[in-house]
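Below is structure_11.cif, holding mmCIF, N, CA and C atoms.
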data_query
loop_
_atom_site.label_atom_id
_atom_site.label_comp_id
_atom_site.auth_asym_id
_atom_site.auth_seq_id
_atom_site.Cartn_x
_atom_site.Cartn_y
_atom_site.Cartn_z
N GLN N 1034 94.50 121.07 107.83
CA GLN N 1034 94.32 119.80 108.52
C GLN N 1034 95.51 118.90 108.27
N VAL N 1035 95.93 118.24 109.33
CA VAL N 1035 97.04 117.28 109.23
C VAL N 1035 96.62 115.99 109.91
N GLN N 1036 96.87 114.88 109.26
CA GLN N 1036 96.61 113.57 109.87
C GLN N 1036 97.96 112.91 110.15
N LEU N 1037 98.04 112.26 111.30
CA LEU N 1037 99.31 111.68 111.76
C LEU N 1037 99.11 110.21 112.08
N VAL N 1038 100.02 109.38 111.60
CA VAL N 1038 99.96 107.94 111.86
C VAL N 1038 101.33 107.47 112.33
N GLU N 1039 101.35 106.90 113.54
CA GLU N 1039 102.61 106.42 114.11
C GLU N 1039 102.80 104.94 113.83
N SER N 1040 104.06 104.52 113.91
CA SER N 1040 104.41 103.11 113.80
C SER N 1040 105.74 102.88 114.49
N GLY N 1041 106.05 101.61 114.74
CA GLY N 1041 107.38 101.27 115.22
C GLY N 1041 107.50 100.97 116.69
N GLY N 1042 106.41 101.06 117.43
CA GLY N 1042 106.51 100.72 118.84
C GLY N 1042 106.72 99.24 119.05
N GLY N 1043 106.98 98.87 120.30
CA GLY N 1043 107.17 97.46 120.60
C GLY N 1043 107.83 97.24 121.94
N LEU N 1044 108.28 96.02 122.14
CA LEU N 1044 108.95 95.63 123.38
C LEU N 1044 110.46 95.58 123.14
N VAL N 1045 111.21 96.20 124.03
CA VAL N 1045 112.66 96.22 123.92
C VAL N 1045 113.26 96.07 125.30
N GLN N 1046 114.43 95.45 125.36
CA GLN N 1046 115.10 95.27 126.64
C GLN N 1046 115.78 96.55 127.09
N PRO N 1047 115.97 96.72 128.38
CA PRO N 1047 116.73 97.89 128.86
C PRO N 1047 118.09 97.96 128.20
N GLY N 1048 118.46 99.18 127.81
CA GLY N 1048 119.71 99.39 127.09
C GLY N 1048 119.59 99.25 125.60
N GLY N 1049 118.46 98.79 125.14
CA GLY N 1049 118.26 98.58 123.72
C GLY N 1049 117.85 99.85 123.00
N SER N 1050 117.59 99.70 121.69
CA SER N 1050 117.23 100.83 120.85
C SER N 1050 115.95 100.54 120.08
N LEU N 1051 115.26 101.61 119.74
CA LEU N 1051 114.02 101.50 118.98
C LEU N 1051 113.77 102.83 118.29
N THR N 1052 113.19 102.77 117.11
CA THR N 1052 112.79 103.99 116.40
C THR N 1052 111.29 103.97 116.18
N VAL N 1053 110.63 105.03 116.56
CA VAL N 1053 109.22 105.21 116.24
C VAL N 1053 109.11 106.25 115.13
N SER N 1054 108.19 106.01 114.23
CA SER N 1054 108.04 106.87 113.06
C SER N 1054 106.62 107.40 112.95
N CYS N 1055 106.50 108.53 112.28
CA CYS N 1055 105.19 109.15 112.10
C CYS N 1055 105.12 109.71 110.69
N VAL N 1056 104.04 109.39 110.01
CA VAL N 1056 103.80 109.94 108.68
C VAL N 1056 102.68 110.96 108.79
N ALA N 1057 102.93 112.14 108.26
CA ALA N 1057 101.94 113.21 108.28
C ALA N 1057 101.37 113.40 106.89
N SER N 1058 100.07 113.56 106.81
CA SER N 1058 99.44 113.86 105.54
C SER N 1058 98.63 115.14 105.67
N GLY N 1059 98.57 115.90 104.59
CA GLY N 1059 97.90 117.18 104.61
C GLY N 1059 98.70 118.18 103.82
N SER N 1060 98.26 119.40 103.86
CA SER N 1060 98.94 120.42 103.07
C SER N 1060 99.95 121.18 103.91
N GLU N 1061 101.05 121.54 103.27
CA GLU N 1061 102.07 122.38 103.90
C GLU N 1061 102.60 121.80 105.21
N VAL N 1062 102.78 120.49 105.24
CA VAL N 1062 103.29 119.86 106.46
C VAL N 1062 104.65 120.41 106.83
N GLY N 1063 105.43 120.79 105.84
CA GLY N 1063 106.76 121.30 106.09
C GLY N 1063 106.81 122.56 106.94
N MET N 1064 105.73 123.29 107.02
CA MET N 1064 105.71 124.52 107.82
C MET N 1064 105.34 124.25 109.27
N TYR N 1065 104.92 123.04 109.59
CA TYR N 1065 104.50 122.70 110.94
C TYR N 1065 105.69 122.31 111.82
N SER N 1066 105.57 122.62 113.09
CA SER N 1066 106.45 121.99 114.08
C SER N 1066 105.89 120.61 114.35
N LEU N 1067 106.79 119.65 114.52
CA LEU N 1067 106.41 118.26 114.79
C LEU N 1067 107.05 117.81 116.10
N ALA N 1068 106.39 116.90 116.78
CA ALA N 1068 106.90 116.52 118.10
C ALA N 1068 106.47 115.09 118.44
N TRP N 1069 107.17 114.57 119.43
CA TRP N 1069 106.79 113.32 120.06
C TRP N 1069 106.49 113.59 121.53
N PHE N 1070 105.33 113.15 121.97
CA PHE N 1070 104.93 113.18 123.36
C PHE N 1070 104.83 111.74 123.84
N ARG N 1071 104.79 111.57 125.15
CA ARG N 1071 104.53 110.24 125.71
C ARG N 1071 103.65 110.37 126.94
N GLN N 1072 102.95 109.28 127.22
CA GLN N 1072 102.03 109.29 128.34
C GLN N 1072 101.92 107.89 128.92
N THR N 1073 101.89 107.82 130.25
CA THR N 1073 101.61 106.58 130.95
C THR N 1073 100.33 106.77 131.75
N VAL N 1074 99.75 105.68 132.15
CA VAL N 1074 98.47 105.73 132.87
C VAL N 1074 98.64 106.53 134.14
N GLY N 1075 97.74 107.48 134.34
CA GLY N 1075 97.74 108.27 135.55
C GLY N 1075 98.66 109.46 135.54
N ARG N 1076 99.34 109.68 134.41
CA ARG N 1076 100.26 110.82 134.33
C ARG N 1076 99.90 111.70 133.15
N GLN N 1077 100.33 112.95 133.23
CA GLN N 1077 100.08 113.87 132.14
C GLN N 1077 100.95 113.53 130.94
N ARG N 1078 100.45 113.89 129.78
CA ARG N 1078 101.23 113.71 128.57
C ARG N 1078 102.45 114.63 128.62
N GLU N 1079 103.60 114.09 128.25
CA GLU N 1079 104.86 114.81 128.39
C GLU N 1079 105.50 115.03 127.02
N LEU N 1080 105.95 116.25 126.76
CA LEU N 1080 106.70 116.51 125.52
C LEU N 1080 108.08 115.86 125.65
N VAL N 1081 108.40 115.00 124.72
CA VAL N 1081 109.69 114.32 124.71
C VAL N 1081 110.70 115.07 123.83
N ALA N 1082 110.29 115.39 122.63
CA ALA N 1082 111.18 116.06 121.69
C ALA N 1082 110.34 116.79 120.65
N GLN N 1083 110.89 117.87 120.17
CA GLN N 1083 110.21 118.73 119.19
C GLN N 1083 111.20 119.13 118.12
N ILE N 1084 110.73 119.23 116.89
CA ILE N 1084 111.57 119.72 115.81
C ILE N 1084 110.76 120.71 114.99
N ASN N 1085 111.32 121.88 114.80
CA ASN N 1085 110.61 122.94 114.08
C ASN N 1085 110.84 122.83 112.58
N SER N 1086 110.15 123.67 111.84
CA SER N 1086 110.25 123.62 110.39
C SER N 1086 111.66 123.93 109.90
N ASP N 1087 112.42 124.69 110.70
CA ASP N 1087 113.78 125.04 110.30
C ASP N 1087 114.81 124.01 110.76
N GLY N 1088 114.34 122.96 111.42
CA GLY N 1088 115.22 121.91 111.88
C GLY N 1088 115.70 122.03 113.31
N ASP N 1089 115.43 123.17 113.95
CA ASP N 1089 115.79 123.32 115.35
C ASP N 1089 115.02 122.31 116.19
N SER N 1090 115.70 121.73 117.15
CA SER N 1090 115.06 120.70 117.98
C SER N 1090 115.32 120.97 119.46
N LEU N 1091 114.46 120.40 120.27
CA LEU N 1091 114.66 120.45 121.71
C LEU N 1091 114.15 119.16 122.32
N TYR N 1092 114.68 118.86 123.50
CA TYR N 1092 114.40 117.59 124.16
C TYR N 1092 114.10 117.82 125.65
N VAL N 1093 113.27 116.97 126.20
CA VAL N 1093 113.12 116.96 127.65
C VAL N 1093 114.43 116.46 128.25
N HIS N 1094 114.76 116.95 129.42
CA HIS N 1094 116.08 116.68 130.01
C HIS N 1094 116.36 115.19 130.13
N SER N 1095 115.35 114.41 130.45
CA SER N 1095 115.56 112.99 130.75
C SER N 1095 115.98 112.16 129.54
N VAL N 1096 115.81 112.70 128.32
CA VAL N 1096 116.17 111.91 127.13
C VAL N 1096 117.34 112.51 126.36
N ARG N 1097 117.84 113.64 126.79
CA ARG N 1097 118.95 114.27 126.06
C ARG N 1097 120.16 113.34 126.01
N GLY N 1098 120.73 113.25 124.83
CA GLY N 1098 121.88 112.36 124.65
C GLY N 1098 121.50 110.93 124.34
N ARG N 1099 120.24 110.58 124.50
CA ARG N 1099 119.78 109.21 124.22
C ARG N 1099 118.82 109.17 123.04
N PHE N 1100 117.99 110.18 122.90
CA PHE N 1100 116.98 110.22 121.85
C PHE N 1100 117.36 111.27 120.80
N THR N 1101 116.99 111.00 119.56
CA THR N 1101 117.21 111.95 118.48
C THR N 1101 115.94 112.05 117.63
N ILE N 1102 115.48 113.27 117.46
CA ILE N 1102 114.32 113.51 116.60
C ILE N 1102 114.80 114.02 115.25
N SER N 1103 114.16 113.55 114.19
CA SER N 1103 114.54 114.00 112.85
C SER N 1103 113.29 114.04 111.99
N ARG N 1104 113.35 114.85 110.94
CA ARG N 1104 112.22 114.94 110.03
C ARG N 1104 112.72 114.92 108.60
N ASP N 1105 111.88 114.41 107.72
CA ASP N 1105 112.17 114.39 106.30
C ASP N 1105 110.99 115.07 105.62
N ASN N 1106 111.19 116.31 105.23
CA ASN N 1106 110.08 117.08 104.66
C ASN N 1106 109.67 116.58 103.27
N SER N 1107 110.55 115.86 102.60
CA SER N 1107 110.19 115.32 101.29
C SER N 1107 109.22 114.15 101.43
N LYS N 1108 109.24 113.50 102.60
CA LYS N 1108 108.37 112.35 102.85
C LYS N 1108 107.31 112.65 103.90
N ASN N 1109 107.37 113.85 104.49
CA ASN N 1109 106.44 114.23 105.56
C ASN N 1109 106.49 113.24 106.72
N THR N 1110 107.69 112.92 107.14
CA THR N 1110 107.86 112.00 108.25
C THR N 1110 108.67 112.63 109.38
N VAL N 1111 108.42 112.16 110.57
CA VAL N 1111 109.23 112.54 111.73
C VAL N 1111 109.51 111.26 112.51
N ASP N 1112 110.78 111.04 112.81
CA ASP N 1112 111.22 109.85 113.52
C ASP N 1112 111.79 110.23 114.88
N LEU N 1113 111.70 109.29 115.80
CA LEU N 1113 112.34 109.44 117.10
C LEU N 1113 113.20 108.20 117.30
N GLN N 1114 114.51 108.39 117.20
CA GLN N 1114 115.46 107.31 117.44
C GLN N 1114 115.76 107.29 118.94
N MET N 1115 115.51 106.15 119.57
CA MET N 1115 115.67 106.04 121.02
C MET N 1115 116.74 105.00 121.33
N ASN N 1116 117.79 105.45 122.00
CA ASN N 1116 118.89 104.57 122.39
C ASN N 1116 118.97 104.49 123.91
N ASP N 1117 119.67 103.45 124.39
CA ASP N 1117 119.86 103.27 125.83
C ASP N 1117 118.53 103.38 126.58
N LEU N 1118 117.56 102.66 126.08
CA LEU N 1118 116.22 102.75 126.67
C LEU N 1118 116.19 102.22 128.09
N ARG N 1119 115.34 102.85 128.91
CA ARG N 1119 115.20 102.52 130.31
C ARG N 1119 113.76 102.15 130.59
N PRO N 1120 113.51 101.40 131.65
CA PRO N 1120 112.11 101.05 131.97
C PRO N 1120 111.22 102.28 132.12
N GLU N 1121 111.78 103.38 132.60
CA GLU N 1121 110.96 104.58 132.78
C GLU N 1121 110.60 105.25 131.45
N ASP N 1122 111.17 104.78 130.34
CA ASP N 1122 110.77 105.27 129.02
C ASP N 1122 109.50 104.57 128.52
N THR N 1123 109.06 103.55 129.24
CA THR N 1123 107.84 102.84 128.85
C THR N 1123 106.66 103.81 128.85
N ALA N 1124 105.96 103.86 127.73
CA ALA N 1124 104.83 104.80 127.59
C ALA N 1124 104.17 104.60 126.24
N ASN N 1125 103.05 105.24 126.08
CA ASN N 1125 102.42 105.37 124.77
C ASN N 1125 102.98 106.64 124.14
N TYR N 1126 103.57 106.51 122.97
CA TYR N 1126 104.23 107.63 122.32
C TYR N 1126 103.32 108.18 121.22
N PHE N 1127 103.11 109.50 121.27
CA PHE N 1127 102.22 110.18 120.34
C PHE N 1127 102.99 111.16 119.47
N CYS N 1128 102.65 111.17 118.21
CA CYS N 1128 103.16 112.19 117.29
C CYS N 1128 102.19 113.37 117.31
N ALA N 1129 102.72 114.58 117.23
CA ALA N 1129 101.88 115.77 117.26
C ALA N 1129 102.42 116.81 116.28
N ALA N 1130 101.52 117.70 115.86
CA ALA N 1130 101.90 118.76 114.94
C ALA N 1130 101.19 120.05 115.33
N ARG N 1131 101.84 121.16 115.04
CA ARG N 1131 101.21 122.44 115.28
C ARG N 1131 101.72 123.46 114.27
N ARG N 1132 100.86 124.40 113.94
CA ARG N 1132 101.29 125.53 113.14
C ARG N 1132 102.17 126.44 114.01
N PRO N 1133 103.01 127.25 113.39
CA PRO N 1133 103.84 128.20 114.18
C PRO N 1133 102.98 129.04 115.12
N PHE N 1134 103.42 129.12 116.36
CA PHE N 1134 102.81 129.96 117.39
C PHE N 1134 101.42 129.48 117.81
N GLU N 1135 101.04 128.28 117.44
CA GLU N 1135 99.76 127.73 117.89
C GLU N 1135 99.99 126.56 118.84
N VAL N 1136 98.91 126.06 119.43
CA VAL N 1136 99.02 124.91 120.32
C VAL N 1136 99.14 123.64 119.49
N TRP N 1137 99.52 122.56 120.19
CA TRP N 1137 99.59 121.26 119.53
C TRP N 1137 98.16 120.79 119.26
N GLY N 1138 97.73 120.94 118.02
CA GLY N 1138 96.33 120.68 117.71
C GLY N 1138 96.07 119.41 116.92
N TYR N 1139 97.13 118.75 116.48
CA TYR N 1139 96.98 117.54 115.66
C TYR N 1139 97.74 116.41 116.32
N TRP N 1140 97.06 115.28 116.44
CA TRP N 1140 97.62 114.15 117.20
C TRP N 1140 97.41 112.84 116.45
N GLY N 1141 98.39 111.95 116.60
CA GLY N 1141 98.21 110.59 116.14
C GLY N 1141 97.54 109.75 117.21
N GLN N 1142 97.37 108.47 116.92
CA GLN N 1142 96.69 107.56 117.84
C GLN N 1142 97.63 106.99 118.89
N GLY N 1143 98.91 107.09 118.66
CA GLY N 1143 99.88 106.60 119.63
C GLY N 1143 100.42 105.23 119.28
N THR N 1144 101.62 104.97 119.75
CA THR N 1144 102.23 103.65 119.59
C THR N 1144 102.93 103.30 120.91
N GLN N 1145 102.71 102.09 121.38
CA GLN N 1145 103.20 101.69 122.69
C GLN N 1145 104.66 101.26 122.61
N VAL N 1146 105.44 101.80 123.54
CA VAL N 1146 106.83 101.38 123.71
C VAL N 1146 106.97 100.82 125.12
N THR N 1147 107.43 99.59 125.22
CA THR N 1147 107.62 98.95 126.51
C THR N 1147 109.07 98.52 126.65
N VAL N 1148 109.70 98.98 127.73
CA VAL N 1148 111.09 98.64 128.00
C VAL N 1148 111.11 97.72 129.21
N SER N 1149 111.44 96.48 128.96
CA SER N 1149 111.39 95.49 130.04
C SER N 1149 112.25 94.30 129.68
N SER N 1150 112.81 93.69 130.71
CA SER N 1150 113.58 92.46 130.50
C SER N 1150 112.70 91.24 130.67
#

Full structure transcribed into structure tokens:
Amino acid sequence: QVQLVESGGGLVQPGGSLTVSCVASGSEVGMYSLAWFRQTVGRQRELVAQINSDGDSLYVHSVRGRFTISRDNSKNTVDLQMNDLRPEDTANYFCAARRPFEVWGYWGQGTQVTVSS
């Protein structure tokens, strides 16, 4: 079992930066893949970025070069640094975790990011 708690959302102007953070609690968190998803009303939840236990990461095309995912296994945290934010990045951002080769089965409650002038 893994519990996830996000923080760091808020209102930011277009072109600005924001970091959302997630703390994971449970056993063997270091073996889990961790990810950030986002969702807006009426749309499916979208994988934004993922980082595996070995540090390999991947990003959805729309955020490559602007967002960076990182994890600290000593603190059981995963951060998403977001730069050059755009209005279309506005969403509820969720932290997720999964065991290797399993589905994303653990979710946080989400943190709202709003990009607006």

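Take the candidates N:Tyr1126, N:Arg1097, N:Ser1150, N:Met1064 and check each one against Gly1042 of chain N using all atoms listed in the file; the shortest distance goes to N:Tyr1126.
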
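Excluding segment 1100-1105 of chain N and any residue on its chain fewer than 3 positions from it, the residues at most 8 Å away by all atoms listed in the file are Gly1063, Trp1069, Ala1082, Gln1083, Ile1084, Gly1088, Ser1090, Leu1091, Tyr1092, Ser1095, Val1096, Arg1097, Lys1108, Asn1109, Thr1110, Val1111, Asp1112, Leu1113, Gln1114, Met1115, Asn1116 and Asp1117 of chain N.
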
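Considering all atoms listed in the file, the residue among N:Arg1099, N:Val1074, N:Ser1066, N:Val1146 positioned nearest to Ser1086 of chain N is N:Ser1066.
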
Identify the residues within 6.5 Å of coordinate (100.5, 107.9, 111.3) (same frame as the file), considering all atoms listed in the file, and give the answer as a list of chain:residue names. N:Gln1036, N:Leu1037, N:Val1038, N:Glu1039, N:Ser1040, N:Ser1054, N:Cys1055, N:Val1056, N:Ala1057, N:Gly1141, N:Gln1142

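If you look at atom CA of Cys1128 of chain N and atom N of Gly1048 of chain N, they are 22.7 Å away from each other.
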
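The gap separating atom C of Phe1070 of chain N from atom C of Asn1125 of chain N is 5.4 Å, in Å to one decimal.
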
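Between atom N of Ala1129 of chain N and atom CA of Ser1050 of chain N the separation is 20.3 Å.
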
Tell me which protein, DNA and RNA residues are within 7 Å of Thr1123 of chain N, counting only C-alpha atoms, leaving out same-chain ones fewer than 2 positions away, and put them as a short mmCIF file (atom, residue, chain, number, x, y, z; two decimals) with N, CA and C atoms, keeping the file's coordinate frame.
data_model
loop_
_atom_site.label_atom_id
_atom_site.label_comp_id
_atom_site.auth_asym_id
_atom_site.auth_seq_id
_atom_site.Cartn_x
_atom_site.Cartn_y
_atom_site.Cartn_z
N PRO N 1120 113.51 101.40 131.65
CA PRO N 1120 112.11 101.05 131.97
C PRO N 1120 111.22 102.28 132.12
N GLU N 1121 111.78 103.38 132.60
CA GLU N 1121 110.96 104.58 132.78
C GLU N 1121 110.60 105.25 131.45
N VAL N 1146 105.44 101.80 123.54
CA VAL N 1146 106.83 101.38 123.71
C VAL N 1146 106.97 100.82 125.12
N THR N 1147 107.43 99.59 125.22
CA THR N 1147 107.62 98.95 126.51
C THR N 1147 109.07 98.52 126.65
N VAL N 1148 109.70 98.98 127.73
CA VAL N 1148 111.09 98.64 128.00
C VAL N 1148 111.11 97.72 129.21
#

Could you list as a PyMOL selection string every residue that has an atom within 12 Å of (101.7, 124.6, 114.5), using the file's coordinates and counting only C-alpha atoms? chain N and resi 1034-1035+1061-1068+1083-1086+1129-1140

Distance query Arg1071 of chain N at most 6 Å, only N, CA and C atoms, self and fewer than 5 positions along chain excluded, as a PyMOL selection string: chain N and resi 1077-1081+1124-1127

Build an axis-aligned box that encloses every atom of segment 1135-1138 of chain N listed in the file, pad it by 6 Å on each side, and report its centre and edge lengths in Å to one decimal, as JSON.
{"center_x": 98.6, "center_y": 123.8, "center_z": 118.6, "size_x": 17.0, "size_y": 20.9, "size_z": 15.4}

Quick one: pick out all helix (DSSP H, G or I) residues within chain N from a backbone DSSP run and write them as a PyMOL selection string. chain N and resi 1062-1064+1094-1096+1120-1122

When you get a chance, write out all heavy atoms for segment 1088-1099 of chain N, as a PDB file, keeping the file's coordinate frame.
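Saved as rebuild_23.pdb:
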ATOM      1  N   GLY N1088     114.340 122.960 111.420  1.00  0.00           N
ATOM      2  CA  GLY N1088     115.220 121.910 111.880  1.00  0.00           C
ATOM      3  C   GLY N1088     115.700 122.030 113.310  1.00  0.00           C
ATOM      4  O   GLY N1088     116.319 121.104 113.842  1.00  0.00           O
ATOM      5  N   ASP N1089     115.430 123.170 113.950  1.00  0.00           N
ATOM      6  CA  ASP N1089     115.790 123.320 115.350  1.00  0.00           C
ATOM      7  C   ASP N1089     115.020 122.310 116.190  1.00  0.00           C
ATOM      8  O   ASP N1089     113.836 122.087 115.967  1.00  0.00           O
ATOM      9  CB  ASP N1089     115.494 124.730 115.845  1.00  0.00           C
ATOM     10  CG  ASP N1089     116.532 125.738 115.385  1.00  0.00           C
ATOM     11  OD1 ASP N1089     117.592 125.313 114.878  1.00  0.00           O
ATOM     12  OD2 ASP N1089     116.281 126.947 115.540  1.00  0.00           O
ATOM     13  N   SER N1090     115.700 121.730 117.150  1.00  0.00           N
ATOM     14  CA  SER N1090     115.060 120.700 117.980  1.00  0.00           C
ATOM     15  C   SER N1090     115.320 120.970 119.460  1.00  0.00           C
ATOM     16  O   SER N1090     116.249 121.693 119.825  1.00  0.00           O
ATOM     17  CB  SER N1090     115.593 119.314 117.608  1.00  0.00           C
ATOM     18  OG  SER N1090     116.987 119.237 117.800  1.00  0.00           O
ATOM     19  N   LEU N1091     114.460 120.400 120.270  1.00  0.00           N
ATOM     20  CA  LEU N1091     114.660 120.450 121.710  1.00  0.00           C
ATOM     21  C   LEU N1091     114.150 119.160 122.320  1.00  0.00           C
ATOM     22  O   LEU N1091     113.331 118.461 121.717  1.00  0.00           O
ATOM     23  CB  LEU N1091     113.962 121.661 122.323  1.00  0.00           C
ATOM     24  CG  LEU N1091     112.454 121.806 122.181  1.00  0.00           C
ATOM     25  CD1 LEU N1091     111.733 121.055 123.300  1.00  0.00           C
ATOM     26  CD2 LEU N1091     112.044 123.279 122.248  1.00  0.00           C
ATOM     27  N   TYR N1092     114.680 118.860 123.500  1.00  0.00           N
ATOM     28  CA  TYR N1092     114.400 117.590 124.160  1.00  0.00           C
ATOM     29  C   TYR N1092     114.100 117.820 125.650  1.00  0.00           C
ATOM     30  O   TYR N1092     114.668 118.726 126.268  1.00  0.00           O
ATOM     31  CB  TYR N1092     115.611 116.655 124.055  1.00  0.00           C
ATOM     32  CG  TYR N1092     116.003 116.308 122.645  1.00  0.00           C
ATOM     33  CD1 TYR N1092     116.864 117.124 121.925  1.00  0.00           C
ATOM     34  CD2 TYR N1092     115.510 115.156 122.034  1.00  0.00           C
ATOM     35  CE1 TYR N1092     117.224 116.813 120.627  1.00  0.00           C
ATOM     36  CE2 TYR N1092     115.864 114.837 120.730  1.00  0.00           C
ATOM     37  CZ  TYR N1092     116.725 115.672 120.037  1.00  0.00           C
ATOM     38  OH  TYR N1092     117.078 115.355 118.744  1.00  0.00           O
ATOM     39  N   VAL N1093     113.270 116.970 126.200  1.00  0.00           N
ATOM     40  CA  VAL N1093     113.120 116.960 127.650  1.00  0.00           C
ATOM     41  C   VAL N1093     114.430 116.460 128.250  1.00  0.00           C
ATOM     42  O   VAL N1093     115.142 115.640 127.647  1.00  0.00           O
ATOM     43  CB  VAL N1093     111.925 116.075 128.061  1.00  0.00           C
ATOM     44  CG1 VAL N1093     112.193 114.609 127.784  1.00  0.00           C
ATOM     45  CG2 VAL N1093     111.567 116.300 129.521  1.00  0.00           C
ATOM     46  N   HIS N1094     114.760 116.950 129.420  1.00  0.00           N
ATOM     47  CA  HIS N1094     116.080 116.680 130.010  1.00  0.00           C
ATOM     48  C   HIS N1094     116.360 115.190 130.130  1.00  0.00           C
ATOM     49  O   HIS N1094     117.494 114.733 129.895  1.00  0.00           O
ATOM     50  CB  HIS N1094     116.168 117.343 131.377  1.00  0.00           C
ATOM     51  CG  HIS N1094     117.453 117.071 132.092  1.00  0.00           C
ATOM     52  ND1 HIS N1094     118.647 117.678 131.731  1.00  0.00           N
ATOM     53  CD2 HIS N1094     117.744 116.243 133.119  1.00  0.00           C
ATOM     54  CE1 HIS N1094     119.611 117.244 132.526  1.00  0.00           C
ATOM     55  NE2 HIS N1094     119.092 116.370 133.378  1.00  0.00           N
ATOM     56  N   SER N1095     115.350 114.410 130.450  1.00  0.00           N
ATOM     57  CA  SER N1095     115.560 112.990 130.750  1.00  0.00           C
ATOM     58  C   SER N1095     115.980 112.160 129.540  1.00  0.00           C
ATOM     59  O   SER N1095     116.454 111.032 129.711  1.00  0.00           O
ATOM     60  CB  SER N1095     114.293 112.396 131.361  1.00  0.00           C
ATOM     61  OG  SER N1095     113.213 112.496 130.456  1.00  0.00           O
ATOM     62  N   VAL N1096     115.810 112.700 128.320  1.00  0.00           N
ATOM     63  CA  VAL N1096     116.170 111.910 127.130  1.00  0.00           C
ATOM     64  C   VAL N1096     117.340 112.510 126.360  1.00  0.00           C
ATOM     65  O   VAL N1096     117.780 111.922 125.363  1.00  0.00           O
ATOM     66  CB  VAL N1096     114.956 111.749 126.184  1.00  0.00           C
ATOM     67  CG1 VAL N1096     113.744 111.216 126.938  1.00  0.00           C
ATOM     68  CG2 VAL N1096     114.617 113.036 125.452  1.00  0.00           C
ATOM     69  N   ARG N1097     117.840 113.640 126.790  1.00  0.00           N
ATOM     70  CA  ARG N1097     118.950 114.270 126.060  1.00  0.00           C
ATOM     71  C   ARG N1097     120.160 113.340 126.010  1.00  0.00           C
ATOM     72  O   ARG N1097     120.548 112.747 127.017  1.00  0.00           O
ATOM     73  CB  ARG N1097     119.342 115.589 126.726  1.00  0.00           C
ATOM     74  CG  ARG N1097     118.372 116.698 126.460  1.00  0.00           C
ATOM     75  CD  ARG N1097     118.762 117.979 127.186  1.00  0.00           C
ATOM     76  NE  ARG N1097     117.641 118.893 127.262  1.00  0.00           N
ATOM     77  CZ  ARG N1097     117.543 119.891 128.136  1.00  0.00           C
ATOM     78  NH1 ARG N1097     118.526 120.100 128.994  1.00  0.00           N
ATOM     79  NH2 ARG N1097     116.484 120.667 128.144  1.00  0.00           N
ATOM     80  N   GLY N1098     120.730 113.250 124.830  1.00  0.00           N
ATOM     81  CA  GLY N1098     121.880 112.360 124.650  1.00  0.00           C
ATOM     82  C   GLY N1098     121.500 110.930 124.340  1.00  0.00           C
ATOM     83  O   GLY N1098     122.364 110.138 123.951  1.00  0.00           O
ATOM     84  N   ARG N1099     120.240 110.580 124.500  1.00  0.00           N
ATOM     85  CA  ARG N1099     119.780 109.210 124.220  1.00  0.00           C
ATOM     86  C   ARG N1099     118.820 109.170 123.040  1.00  0.00           C
ATOM     87  O   ARG N1099     118.821 108.197 122.284  1.00  0.00           O
ATOM     88  CB  ARG N1099     119.096 108.608 125.453  1.00  0.00           C
ATOM     89  CG  ARG N1099     119.972 108.535 126.686  1.00  0.00           C
ATOM     90  CD  ARG N1099     119.303 107.725 127.789  1.00  0.00           C
ATOM     91  NE  ARG N1099     118.066 108.331 128.260  1.00  0.00           N
ATOM     92  CZ  ARG N1099     116.873 107.723 128.254  1.00  0.00           C
ATOM     93  NH1 ARG N1099     116.766 106.489 127.780  1.00  0.00           N
ATOM     94  NH2 ARG N1099     115.795 108.343 128.725  1.00  0.00           N
TER      95      ARG N1099
END
